[in-house]
Every structure is written in C-alpha cells, then in structure tokens.
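S.K.: Next comes the structure file protein.pdb, holding PDB, C-alpha atoms.
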```pdb
ATOM      1  CA  MET A   1      42.864  59.756 -11.323  1.00  0.00           C
ATOM      2  CA  LYS A   2      41.778  62.435  -8.848  1.00  0.00           C
ATOM      3  CA  THR A   3      38.445  62.759 -10.607  1.00  0.00           C
ATOM      4  CA  TRP A   4      37.884  59.017 -10.405  1.00  0.00           C
ATOM      5  CA  LEU A   5      38.656  58.988  -6.650  1.00  0.00           C
ATOM      6  CA  TYR A   6      36.380  61.977  -6.129  1.00  0.00           C
ATOM      7  CA  LEU A   7      33.491  60.257  -7.955  1.00  0.00           C
ATOM      8  CA  ALA A   8      34.072  57.002  -6.080  1.00  0.00           C
ATOM      9  CA  SER A   9      34.013  58.883  -2.765  1.00  0.00           C
ATOM     10  CA  LEU A  10      30.762  60.619  -3.700  1.00  0.00           C
ATOM     11  CA  THR A  11      29.206  57.296  -4.689  1.00  0.00           C
ATOM     12  CA  VAL A  12      30.171  55.714  -1.367  1.00  0.00           C
ATOM     13  CA  LEU A  13      28.802  58.704   0.567  1.00  0.00           C
ATOM     14  CA  ALA A  14      25.560  58.655  -1.410  1.00  0.00           C
ATOM     15  CA  ALA A  15      25.132  54.940  -0.771  1.00  0.00           C
ATOM     16  CA  CYS A  16      25.633  55.452   2.963  1.00  0.00           C
ATOM     17  CA  SER A  17      23.137  58.291   3.142  1.00  0.00           C
ATOM     18  CA  SER A  18      20.267  56.626   1.284  1.00  0.00           C
ATOM     19  CA  THR A  19      17.450  55.198   3.373  1.00  0.00           C
ATOM     20  CA  PRO A  20      16.994  51.444   2.998  1.00  0.00           C
ATOM     21  CA  THR A  21      13.630  50.161   1.862  1.00  0.00           C
ATOM     22  CA  GLN A  22      11.477  48.844   4.705  1.00  0.00           C
ATOM     23  CA  HIS A  23       8.681  46.300   4.232  1.00  0.00           C
ATOM     24  CA  TYR A  24       5.724  46.176   6.618  1.00  0.00           C
ATOM     25  CA  GLN A  25       2.875  43.776   7.245  1.00  0.00           C
ATOM     26  CA  LEU A  26      -0.347  44.286   9.130  1.00  0.00           C
ATOM     27  CA  PRO A  27      -0.591  42.713  12.555  1.00  0.00           C
ATOM     28  CA  ASP A  28      -2.967  39.730  12.492  1.00  0.00           C
ATOM     29  CA  SER A  29      -2.526  39.176   8.739  1.00  0.00           C
ATOM     30  CA  ALA A  30      -1.487  35.513   8.944  1.00  0.00           C
ATOM     31  CA  LEU A  31      -4.588  33.379   8.391  1.00  0.00           C
ATOM     32  CA  LEU A  32      -5.774  31.499  11.478  1.00  0.00           C
ATOM     33  CA  LEU A  33      -8.390  28.984  10.367  1.00  0.00           C
ATOM     34  CA  PRO A  34     -10.850  28.134  13.134  1.00  0.00           C
ATOM     35  CA  THR A  35     -12.311  24.662  13.311  1.00  0.00           C
ATOM     36  CA  GLN A  36     -15.373  24.630  11.109  1.00  0.00           C
ATOM     37  CA  THR A  37     -18.546  22.760  11.907  1.00  0.00           C
ATOM     38  CA  ALA A  38     -20.843  21.401   9.210  1.00  0.00           C
ATOM     39  CA  ALA A  39     -23.493  23.969  10.146  1.00  0.00           C
ATOM     40  CA  GLN A  40     -21.252  26.963   9.487  1.00  0.00           C
ATOM     41  CA  LYS A  41     -21.618  28.753   6.179  1.00  0.00           C
ATOM     42  CA  VAL A  42     -18.306  29.800   4.606  1.00  0.00           C
ATOM     43  CA  VAL A  43     -18.153  33.466   3.604  1.00  0.00           C
ATOM     44  CA  SER A  44     -15.376  34.719   1.338  1.00  0.00           C
ATOM     45  CA  ILE A  45     -13.972  38.178   2.023  1.00  0.00           C
ATOM     46  CA  LYS A  46     -12.903  40.132  -1.035  1.00  0.00           C
ATOM     47  CA  VAL A  47     -11.220  43.525  -0.564  1.00  0.00           C
ATOM     48  CA  VAL A  48     -11.315  46.146  -3.322  1.00  0.00           C
ATOM     49  CA  LEU A  49      -9.023  49.157  -2.879  1.00  0.00           C
ATOM     50  CA  SER A  50      -9.183  52.624  -4.422  1.00  0.00           C
ATOM     51  CA  GLU A  51      -6.367  53.486  -6.804  1.00  0.00           C
ATOM     52  CA  PRO A  52      -4.016  55.238  -4.321  1.00  0.00           C
ATOM     53  CA  LEU A  53      -4.252  52.234  -1.974  1.00  0.00           C
ATOM     54  CA  ASN A  54      -3.766  49.639  -4.697  1.00  0.00           C
ATOM     55  CA  GLY A  55       0.013  50.014  -4.906  1.00  0.00           C
ATOM     56  CA  SER A  56       2.711  48.650  -2.650  1.00  0.00           C
ATOM     57  CA  SER A  57       3.376  51.894  -0.737  1.00  0.00           C
ATOM     58  CA  LEU A  58       2.090  52.980   2.648  1.00  0.00           C
ATOM     59  CA  LEU A  59       0.096  56.225   2.588  1.00  0.00           C
ATOM     60  CA  TYR A  60       0.211  59.230   4.886  1.00  0.00           C
ATOM     61  CA  GLN A  61      -1.959  62.341   4.677  1.00  0.00           C
ATOM     62  CA  SER A  62       0.207  65.350   5.605  1.00  0.00           C
ATOM     63  CA  ASP A  63      -2.512  68.022   5.471  1.00  0.00           C
ATOM     64  CA  ALA A  64      -6.146  68.385   4.426  1.00  0.00           C
ATOM     65  CA  ASN A  65      -5.294  68.029   0.729  1.00  0.00           C
ATOM     66  CA  THR A  66      -1.964  66.219   0.414  1.00  0.00           C
ATOM     67  CA  LEU A  67      -1.498  62.462   0.362  1.00  0.00           C
ATOM     68  CA  HIS A  68       2.083  61.145   0.468  1.00  0.00           C
ATOM     69  CA  ILE A  69       2.869  57.806  -1.125  1.00  0.00           C
ATOM     70  CA  ALA A  70       5.904  56.344   0.654  1.00  0.00           C
ATOM     71  CA  GLN A  71       8.870  55.465  -1.552  1.00  0.00           C
ATOM     72  CA  GLN A  72      10.959  53.506   0.964  1.00  0.00           C
ATOM     73  CA  ASN A  73       8.165  52.109   3.182  1.00  0.00           C
ATOM     74  CA  LEU A  74       6.244  49.383   1.391  1.00  0.00           C
ATOM     75  CA  TRP A  75       3.745  46.627   2.100  1.00  0.00           C
ATOM     76  CA  ALA A  76       5.389  43.198   2.364  1.00  0.00           C
ATOM     77  CA  SER A  77       2.415  41.573   0.596  1.00  0.00           C
ATOM     78  CA  PRO A  78      -0.506  42.973  -1.421  1.00  0.00           C
ATOM     79  CA  LEU A  79      -2.636  45.143   0.862  1.00  0.00           C
ATOM     80  CA  HIS A  80      -5.959  43.700  -0.325  1.00  0.00           C
ATOM     81  CA  GLN A  81      -4.836  40.211   0.728  1.00  0.00           C
ATOM     82  CA  SER A  82      -3.536  41.376   4.117  1.00  0.00           C
ATOM     83  CA  VAL A  83      -6.741  43.288   4.900  1.00  0.00           C
ATOM     84  CA  ALA A  84      -8.922  40.334   3.816  1.00  0.00           C
ATOM     85  CA  THR A  85      -6.941  37.927   6.007  1.00  0.00           C
ATOM     86  CA  SER A  86      -6.918  40.284   8.990  1.00  0.00           C
ATOM     87  CA  LEU A  87     -10.677  40.869   8.714  1.00  0.00           C
ATOM     88  CA  ALA A  88     -11.315  37.116   8.381  1.00  0.00           C
ATOM     89  CA  ASN A  89      -9.363  36.487  11.592  1.00  0.00           C
ATOM     90  CA  LYS A  90     -11.181  39.264  13.448  1.00  0.00           C
ATOM     91  CA  LEU A  91     -14.641  38.229  12.201  1.00  0.00           C
ATOM     92  CA  ASN A  92     -14.018  34.569  13.041  1.00  0.00           C
ATOM     93  CA  ARG A  93     -13.231  35.608  16.618  1.00  0.00           C
ATOM     94  CA  GLN A  94     -16.534  37.535  16.826  1.00  0.00           C
ATOM     95  CA  GLN A  95     -18.859  35.234  14.846  1.00  0.00           C
ATOM     96  CA  SER A  96     -19.719  31.609  15.438  1.00  0.00           C
ATOM     97  CA  SER A  97     -22.448  31.066  12.846  1.00  0.00           C
ATOM     98  CA  LEU A  98     -20.280  32.040   9.849  1.00  0.00           C
ATOM     99  CA  HIS A  99     -16.789  30.983   8.842  1.00  0.00           C
ATOM    100  CA  PHE A 100     -14.821  33.777   7.104  1.00  0.00           C
ATOM    101  CA  ARG A 101     -11.922  33.205   4.715  1.00  0.00           C
ATOM    102  CA  PRO A 102     -10.070  35.447   2.264  1.00  0.00           C
ATOM    103  CA  ALA A 103     -11.613  35.212  -1.216  1.00  0.00           C
ATOM    104  CA  ASP A 104      -8.337  33.906  -2.674  1.00  0.00           C
ATOM    105  CA  LEU A 105      -8.974  30.612  -0.859  1.00  0.00           C
ATOM    106  CA  ASN A 106     -12.580  30.259  -2.100  1.00  0.00           C
ATOM    107  CA  HIS A 107     -12.613  30.858  -5.835  1.00  0.00           C
ATOM    108  CA  ALA A 108     -16.204  29.756  -6.482  1.00  0.00           C
ATOM    109  CA  ASN A 109     -17.957  30.726  -3.247  1.00  0.00           C
ATOM    110  CA  PRO A 110     -21.292  32.497  -3.915  1.00  0.00           C
ATOM    111  CA  ASN A 111     -21.347  33.811  -0.315  1.00  0.00           C
ATOM    112  CA  THR A 112     -19.024  36.774  -0.582  1.00  0.00           C
ATOM    113  CA  LEU A 113     -18.546  39.834   1.576  1.00  0.00           C
ATOM    114  CA  THR A 114     -16.908  42.551  -0.526  1.00  0.00           C
ATOM    115  CA  VAL A 115     -15.118  45.316   1.355  1.00  0.00           C
ATOM    116  CA  TYR A 116     -14.502  48.504  -0.635  1.00  0.00           C
ATOM    117  CA  LEU A 117     -11.915  50.847   0.906  1.00  0.00           C
ATOM    118  CA  ASP A 118     -11.026  54.358  -0.195  1.00  0.00           C
ATOM    119  CA  ARG A 119      -9.023  55.285   2.930  1.00  0.00           C
ATOM    120  CA  PHE A 120      -6.439  53.187   4.755  1.00  0.00           C
ATOM    121  CA  GLN A 121      -3.791  55.632   5.907  1.00  0.00           C
ATOM    122  CA  GLY A 122      -2.074  57.647   8.589  1.00  0.00           C
ATOM    123  CA  SER A 123      -2.947  61.293   9.118  1.00  0.00           C
ATOM    124  CA  TYR A 124      -1.319  64.543  10.214  1.00  0.00           C
ATOM    125  CA  MET A 125      -4.037  64.739  12.887  1.00  0.00           C
ATOM    126  CA  GLY A 126      -2.309  61.986  14.915  1.00  0.00           C
ATOM    127  CA  ASP A 127      -4.636  59.170  13.963  1.00  0.00           C
ATOM    128  CA  THR A 128      -5.275  56.648  11.220  1.00  0.00           C
ATOM    129  CA  GLU A 129      -8.334  56.420   9.035  1.00  0.00           C
ATOM    130  CA  ILE A 130     -10.119  53.518   7.371  1.00  0.00           C
ATOM    131  CA  ASN A 131     -13.171  54.346   5.280  1.00  0.00           C
ATOM    132  CA  GLY A 132     -15.364  52.555   2.782  1.00  0.00           C
ATOM    133  CA  TYR A 133     -18.353  50.244   2.660  1.00  0.00           C
ATOM    134  CA  VAL A 134     -19.168  46.553   2.714  1.00  0.00           C
ATOM    135  CA  GLN A 135     -21.512  44.675   0.410  1.00  0.00           C
ATOM    136  CA  TRP A 136     -22.905  41.238   1.199  1.00  0.00           C
ATOM    137  CA  HIS A 137     -23.661  38.655  -1.508  1.00  0.00           C
ATOM    138  CA  ASP A 138     -27.385  39.563  -1.268  1.00  0.00           C
ATOM    139  CA  GLN A 139     -26.508  43.192  -2.198  1.00  0.00           C
ATOM    140  CA  ARG A 140     -27.003  44.616   1.321  1.00  0.00           C
ATOM    141  CA  MET A 141     -24.558  47.470   1.843  1.00  0.00           C
ATOM    142  CA  ARG A 142     -23.269  49.286   4.892  1.00  0.00           C
ATOM    143  CA  PRO A 143     -20.762  52.133   5.238  1.00  0.00           C
ATOM    144  CA  VAL A 144     -17.797  51.455   7.515  1.00  0.00           C
ATOM    145  CA  ARG A 145     -15.434  53.955   9.068  1.00  0.00           C
ATOM    146  CA  ALA A 146     -12.809  53.899  11.786  1.00  0.00           C
ATOM    147  CA  VAL A 147     -10.587  56.700  13.019  1.00  0.00           C
ATOM    148  CA  THR A 148      -8.165  55.476  15.670  1.00  0.00           C
ATOM    149  CA  PRO A 149      -5.510  57.411  17.596  1.00  0.00           C
ATOM    150  CA  GLN A 150      -1.930  56.614  16.735  1.00  0.00           C
ATOM    151  CA  GLN A 151       0.141  55.919  19.850  1.00  0.00           C
ATOM    152  CA  GLY A 152       3.681  57.028  19.028  1.00  0.00           C
ATOM    153  CA  ASN A 153       5.464  57.986  15.839  1.00  0.00           C
ATOM    154  CA  GLY A 154       6.514  56.033  12.797  1.00  0.00           C
ATOM    155  CA  TYR A 155       5.113  53.352  10.581  1.00  0.00           C
ATOM    156  CA  ASP A 156       5.024  50.667  13.301  1.00  0.00           C
ATOM    157  CA  ALA A 157       2.709  52.858  15.392  1.00  0.00           C
ATOM    158  CA  MET A 158       0.639  53.601  12.287  1.00  0.00           C
ATOM    159  CA  LEU A 159       0.181  49.869  11.602  1.00  0.00           C
ATOM    160  CA  ARG A 160      -0.895  49.162  15.191  1.00  0.00           C
ATOM    161  CA  SER A 161      -3.453  51.958  14.879  1.00  0.00           C
ATOM    162  CA  LEU A 162      -4.714  50.627  11.532  1.00  0.00           C
ATOM    163  CA  ASP A 163      -5.069  47.181  13.121  1.00  0.00           C
ATOM    164  CA  ALA A 164      -7.181  48.721  15.907  1.00  0.00           C
ATOM    165  CA  GLY A 165      -9.261  50.358  13.165  1.00  0.00           C
ATOM    166  CA  LEU A 166      -9.788  46.983  11.482  1.00  0.00           C
ATOM    167  CA  ASN A 167     -11.115  45.672  14.820  1.00  0.00           C
ATOM    168  CA  GLN A 168     -13.686  48.480  14.724  1.00  0.00           C
ATOM    169  CA  ILE A 169     -14.536  47.726  11.087  1.00  0.00           C
ATOM    170  CA  ALA A 170     -15.068  44.030  11.948  1.00  0.00           C
ATOM    171  CA  ALA A 171     -17.402  45.039  14.788  1.00  0.00           C
ATOM    172  CA  GLN A 172     -19.368  47.259  12.374  1.00  0.00           C
ATOM    173  CA  ILE A 173     -19.677  44.396   9.881  1.00  0.00           C
ATOM    174  CA  VAL A 174     -21.229  41.959  12.373  1.00  0.00           C
ATOM    175  CA  MET A 175     -23.653  44.494  13.873  1.00  0.00           C
ATOM    176  CA  PRO A 176     -27.271  43.875  12.770  1.00  0.00           C
TER     177      PRO A 176
END
```
Can you dump the structure from the file as structure tokens?

M.R.:
Amino acid sequence: MKTWLYLASLTVLAACSSTPTQHYQLPDSALLLPTQTAAQKVVSIKVVLSEPLNGSSLLYQSDANTLHIAQQNLWASPLHQSVATSLANKLNRQQSSLHFRPADLNHANPNTLTVYLDRFQGSYMGDTEINGYVQWHDQRMRPVRAVTPQQGNGYDAMLRSLDAGLNQIAAQIVMP
C-alpha cells in the first residue's frame, strides 16, 4: 500500500512539473484577400522548406553548430502554409499590379512564385534569421535573406522578429 501511494505521489509530482505544449502561429498568417481587378494577374505562392523546418517544431540555434528542435513549442498550423499566407498578405500590401495568394488556393495556376527556405529560426546572437531564394514561374531566381533583432526573450518575441524578417523578404521579392 505504501509503495502504491509513493508511486501515485511521484506521478502527480511529475505531471505538475512537466511543461505544457504551446502552439504558436505567425503574426499576419490569416489570409486577407484584397479586392482584385480584372487587370491583376494572380500569382500563387508556394513555400518549400528544408528538412529541419518541415516539421511542427520551432527551431532555435544555440551556438554556431547546434540547432535545437523544440519539443513543447510547436507551430499551430503547417509552417509552409503560414509563411505563404503571410508573404501573400505582405506582397499584396506592396504590389498593386499582381494579386498574391497561397498556392493551396490556386491548384492549377501557372503563375507561381516558389519560395525555398533553409533558415527560419531564432539564434543565440539575439536575432532571427530567414534565408533562402525565390523562383518565379519564368525561372528567374533571387536569393533572399533577413536577419532581424529579437526584442525580448521567448518564443513570442522570436515570432515578432520572424514576422519583421518576412516584411524584409517581401520587400526583396518586389524589388526589380
């Protein structure tokens, strides 16, 4: 009986000490469709992520060589969809001649902007990093990179910094 009470007490203590799983979403990742005119060409945004980014965990680089994959801090929705939606919103605010939408909404659109990302993470240096390249449907390619300072600690601050980085990436995409 004492053993059973001891094990039950340990189980209760272990349950109290475990960190609950947190789910995060990028700011600006709810699609805001602008009014489209007949003259606007619709461009689908497809995001392709490198293997470490393709899971449901947030990433943090703790030194020059170590990348931590969070166990209790996860994306609320697939990262490729959130990034595509966020970029579509940002590009639609900057562009008037094109109408951007996530590729999931335009299955057969030949006008596609593919965004390849190999970095989308926080860093021990106090900033966040987004790195990759974009490829237009006509095969034009351009590298994109944003390193933005993280204001404060924690995953919320990291997400705000990543959102600021996506603003920079959107500006790089629309530059001639």

S.K.: Considering all atoms listed in the file, state which residue in the set A:Val115, A:Ala164, A:Glu51, A:Gly122 is at the smallest distance from Arg140 (chain A).

M.R.: A:Val115

S.K.: Quick check on the file I pasted: which residues fall under the PyMOL selection byres ((chain A and resi 65-82) around 7)? Write them as a PDB file with C-alpha atoms, in the coordinates of the input.

M.R.:
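Dumped to part.pdb:
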```pdb
ATOM      1  CA  PRO A  20      16.994  51.444   2.998  1.00  0.00           C
ATOM      2  CA  THR A  21      13.630  50.161   1.862  1.00  0.00           C
ATOM      3  CA  GLN A  22      11.477  48.844   4.705  1.00  0.00           C
ATOM      4  CA  HIS A  23       8.681  46.300   4.232  1.00  0.00           C
ATOM      5  CA  TYR A  24       5.724  46.176   6.618  1.00  0.00           C
ATOM      6  CA  GLN A  25       2.875  43.776   7.245  1.00  0.00           C
ATOM      7  CA  LEU A  26      -0.347  44.286   9.130  1.00  0.00           C
ATOM      8  CA  SER A  29      -2.526  39.176   8.739  1.00  0.00           C
ATOM      9  CA  VAL A  47     -11.220  43.525  -0.564  1.00  0.00           C
ATOM     10  CA  VAL A  48     -11.315  46.146  -3.322  1.00  0.00           C
ATOM     11  CA  LEU A  49      -9.023  49.157  -2.879  1.00  0.00           C
ATOM     12  CA  SER A  56       2.711  48.650  -2.650  1.00  0.00           C
ATOM     13  CA  SER A  57       3.376  51.894  -0.737  1.00  0.00           C
ATOM     14  CA  LEU A  58       2.090  52.980   2.648  1.00  0.00           C
ATOM     15  CA  LEU A  59       0.096  56.225   2.588  1.00  0.00           C
ATOM     16  CA  TYR A  60       0.211  59.230   4.886  1.00  0.00           C
ATOM     17  CA  GLN A  61      -1.959  62.341   4.677  1.00  0.00           C
ATOM     18  CA  SER A  62       0.207  65.350   5.605  1.00  0.00           C
ATOM     19  CA  ASP A  63      -2.512  68.022   5.471  1.00  0.00           C
ATOM     20  CA  ALA A  64      -6.146  68.385   4.426  1.00  0.00           C
ATOM     21  CA  VAL A  83      -6.741  43.288   4.900  1.00  0.00           C
ATOM     22  CA  ALA A  84      -8.922  40.334   3.816  1.00  0.00           C
ATOM     23  CA  THR A  85      -6.941  37.927   6.007  1.00  0.00           C
ATOM     24  CA  SER A  86      -6.918  40.284   8.990  1.00  0.00           C
TER      25      SER A  86
END
```

S.K.: If I take CA of Ala157 (chain A) and CA of Ile173 (chain A), how far is one from the other in Å, to one decimal?

M.R.: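 Between these atoms lies a distance of 24.6 Å.
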
S.K.: What does the structure give for the distance between CA of Phe100 (chain A) and CA of Gly165 (chain A), in Å to one decimal?

M.R.: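 Going from CA of Phe100 (chain A) over to CA of Gly165 (chain A) covers 18.5 Å.
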
S.K.: Would you list the contacts of Ile130 (chain A) as an MDAnalysis selection string, taking every protein, DNA or RNA residue within 10 Å and counting all atoms listed in the file, but skipping same-chain residues closer than 4 positions in sequence?

M.R.: chainID A and resid 117:122 144:148 162:163 165:166 168:169

S.K.: Would you place a box with edges along x, y and z of the file around all atoms of region 77-92 of chain A listed there, add 3 Å to each of its six sides, and report the centre and edge lengths in Å to one decimal, as JSON?

M.R.:
```
{"center_x": -6.1, "center_y": 39.9, "center_z": 6.0, "size_x": 23.1, "size_y": 16.6, "size_z": 20.9}
```

S.K.: CA of Tyr124 (chain A) to CA of Ala30 (chain A): how many Å, to one decimal?

M.R.: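 That distance, rounded to one decimal, is 29.1 Å.
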
S.K.: With distances taken over only C-alpha atoms, which of A:Leu113, A:Leu53, A:Met125, A:Met158 is nearest to Gln139 (chain A)?

M.R.: A:Leu113

S.K.: Evaluating the PyMOL selection byres ((chain A and resi 93) around 12) on the displayed file yields which residues, as a VMD selection string?

M.R.: chain A and resid 28 32 to 35 86 to 92 94 to 100 167 170 to 171 174
